[in-house]
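Chemist: Have a look at this one.
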Amino acid sequence: MRWIQPKDGFSTGIEVYNCIVKRKVPLILRRKYLATLYTCGPTVYDDTHIGHASTYVKLDAIRRILYNHFGIRVFSVMNITDIDDKIIRKSHERRCSWETIARENEDKFWKDLRALDVLEPHVKMRVTENIQEILGFISKLEKKSLAYKTKDNSVNFKVKDYGGYGKLKKVDLEEEKDVDFALWKGAKDGEPFWESPWGKGRPGWHVECSAMASKIFGSSLDIHAGGIDLKFPHHENEEAQSCAFHGCNQWVNYWIHTGHLKLAGDAEKMSKSLKNTVSVDELLSKYSANQFRMLCLLSNYRSTMVFSGEAMEMAQRILNKFLSFLEDTESVLRGNRQIGDFDQTKIFDKYSQSIQEIDLHLRDDFDTAKCLQVLQDFISFVNKEINFPSNEGQSSPEIGIIRICREFILESLKNFGFSIPGENAESLHGSPADNVLDKIIEIRNSLRKEKNFSAADAIRDGLKDVGVEIKDHGQFSSWSRR
């Protein structure tokens with residue numbers, strides 16, 4: 001059974017990679033300017049590590065791009081697995097209830113996502129609050145003779161009887177002896193349980209997502225997302241049991257999988273079981289959310305990414321290039337920096353070209369890496385143009401185009417989810433404190449013209465001590481806060 005391209009719906013003009021046919025395909029939504037998205041959330045037994053975080057940051061960028069660039073609103077749903085073997089084991093280790101473990105780590109998970117500027121889903125669904133929906137889902141599969149009870153009061157899905165297994169990953173069922181998976185797990189002594197027609201127990205992992213997503217989206221879902229490690233068996237099992245439940249050939253139209261995150265020198269992905277994790281708290285003690293987002297977007301969302309000090313330094317340098325451009329152009333617009341006599345037509349042409357290139361790259365499977373390169377090239381081009389020396393006595397150039405250039409970079413960064421401190425509608429108007437700084441810069445410029453460099457340097461160093469950085473541009477200077 002292969003992938004079926006939606007025939008009816010809204011053609012977005014975007015192509016996304018399809019893991020079933022192993023090529024890019026048109027993204028066609030069921031409803032105009034609305035995408036339904038289900039994302040596999042965490043099993044909340046421990047802190048969120050940056051391997052998990054990279055998935056949520058990448059998917060957040062895609063969600064923002066769909067809305068900010070293409071005008072497609074994304075209705076987002078995420079599950080929280082709040083009952084699991086690992087949660088139960090952790091509760092025994094700490095000698096507390098499983099609820100305590102689950103709630104503490106869930107609260108920490110949402111706090112971490114907010115710290116990384118990741119938009120929260122519109123709907124959050126806990127497994128333990130949807131037991132009845134899960135029981136109903138399993139019962140229907142049992143009535144269709146696609147589920148059976150085992151000796152330990154568990155219930156398994158009949159993979160070979162389903163007939164459409166192996167869609168996301170090719171599986172030779174003739175060679176596989178034990179491919180059936182648990183829909184319901186019979187309770188063991190001392191474990192939490194819920195009553196069911198098959199005895200005391202709790203849901204299997206795969207059925208949780210199918211039942212909860214079906215509760216919200218029914219028999220058809222535009223996009224289902226998660227890390228590449230979930231492709232098989234989790235997403236394969238979801239697709240099989242959901243198609244069986246709804247009596248359809250395709251439950252999810254588009255699967256989006258993000259690549260692994262590895263530490264430099266590690267051959268394996270970041271995983272708690274391998275004890276090679278870095279928590280979000282540890283990340284943010286050294287780096288900013290913007291810097292981590294930059295690292296995530298410097299490669300395709302499907303690619304494996306490497307986390308290291310060197311990689312983060314590179315991300316920081318690129319981010320600083322953007323922030324420096326925003327600061328410098330603000331200085332121009334505030335009248336604190338003079339610029340050369342540039343060719344306005346050339347900048348207009350470069351702007352138009354860059355807009356078109358970004359649109360093409362975003363339509364090509366959300367290629368943020370190429371978009372960021374286009375934006376860097378644009379900044380370099382504009383900087384070269386506006387820093388070209390003016391002929392003496394020539395009239396000042398029109399700086400309106402500088403405002404357009406600045407807005408282009410600022411809006412592009414915001415479209416990808418970068419948070420730019422202090423940027424609002426009044427940012428160029430100046431506060432009383434800003435006006436004082438402007439006067440100090442004027443005094444310092446006068447001292448530099450008089451070649452009193454020791455006094456000028458003293459002002460620069462004094463301002464640096466209070467978080468204000470001075471940049472010199474020929475005979476004139478600009479300032480920015482750090």
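We label chains A, B, ... in the order they appear in the structure tokens, count residues from 1 in each chain, and number ligands from 1 in the order shown.
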List as a ChimeraX atom specification the protein and nucleic acid residues near Leu135 (chain A), meaning an atom at most 9 Å away when only C-alpha atoms are counted, but skip any in the same chain fewer than 3 places from it.
Modeler: /A:130-132,138-140,184,196-197,203,211
Chemist: Keeping only C-alpha atoms, write the selected residues as an mmCIF file, in the first residue's frame.
Modeler:
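Final file, out30.cif:
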data_model
loop_
_atom_site.group_PDB
_atom_site.id
_atom_site.type_symbol
_atom_site.label_atom_id
_atom_site.label_comp_id
_atom_site.auth_asym_id
_atom_site.auth_seq_id
_atom_site.Cartn_x
_atom_site.Cartn_y
_atom_site.Cartn_z
ATOM 1 C CA ASN A 130 -8.325 10.198 27.473
ATOM 2 C CA ILE A 131 -8.569 6.612 28.715
ATOM 3 C CA GLN A 132 -12.194 6.219 27.605
ATOM 4 C CA ILE A 138 -9.322 -0.676 21.016
ATOM 5 C CA SER A 139 -12.846 -2.088 21.315
ATOM 6 C CA LYS A 140 -13.644 -1.123 17.722
ATOM 7 C CA TRP A 184 -3.497 -2.488 26.027
ATOM 8 C CA SER A 196 -11.156 -2.216 30.985
ATOM 9 C CA PRO A 197 -13.224 -4.958 29.293
ATOM 10 C CA PRO A 203 -2.761 1.859 27.248
ATOM 11 C CA ALA A 211 -6.960 7.616 19.712
#
Chemist: Could you give me, as number ranges by chain, the residues within 8 Å of Ala61 (chain A), counting only C-alpha atoms and dropping anything in the same chain fewer than 6 positions from it?
Modeler: A: 415-417
Chemist: Mind giving me the straight-line distance from CA of Val280 (chain A) to CA of Asp112 (chain A) in Å, one decimal?
Modeler: 6.4 Å
Chemist: Please measure the separation of CA of Glu238 (chain A) and CA of Lys185 (chain A), giving the value in Å to one decimal.
Modeler: 16.6 Å
Chemist: Going by DSSP on the backbone, which residues of region 188-422 of chain A come out as strand (DSSP E or B)? List them as number ranges by chain.
Modeler: A: 194, 201-203, 221-227, 252-258, 261-263, 279, 305-307, 364
Chemist: Save the residues we just selected, C-alpha atoms, as a short mmCIF file (atom, residue, chain, number, x, y, z; two decimals), in the first residue's frame?
Modeler:
data_model
loop_
_atom_site.label_atom_id
_atom_site.label_comp_id
_atom_site.auth_asym_id
_atom_site.auth_seq_id
_atom_site.Cartn_x
_atom_site.Cartn_y
_atom_site.Cartn_z
CA TRP A 194 -7.47 1.47 34.79
CA GLY A 201 -4.23 -2.32 32.77
CA ARG A 202 -3.08 0.76 30.88
CA PRO A 203 -2.76 1.86 27.25
CA LEU A 221 -5.01 14.44 9.19
CA ASP A 222 -2.91 16.81 7.08
CA ILE A 223 0.45 16.57 8.87
CA HIS A 224 1.83 14.30 11.57
CA ALA A 225 5.25 15.28 12.93
CA GLY A 226 7.97 13.97 15.20
CA GLY A 227 11.60 12.94 15.35
CA VAL A 252 -2.05 10.89 7.56
CA ASN A 253 -1.37 12.68 4.27
CA TYR A 254 2.10 14.01 5.18
CA TRP A 255 4.63 12.71 7.70
CA ILE A 256 7.32 15.21 8.74
CA HIS A 257 10.35 13.82 10.55
CA THR A 258 13.21 15.84 12.00
CA LEU A 261 20.94 15.72 17.18
CA LYS A 262 24.37 14.33 18.10
CA LEU A 263 27.18 15.60 20.27
CA SER A 279 19.39 19.54 29.26
CA MET A 305 22.76 18.14 13.33
CA VAL A 306 25.86 18.21 15.52
CA PHE A 307 25.96 20.16 18.78
CA ASP A 364 11.28 23.67 -1.46
#
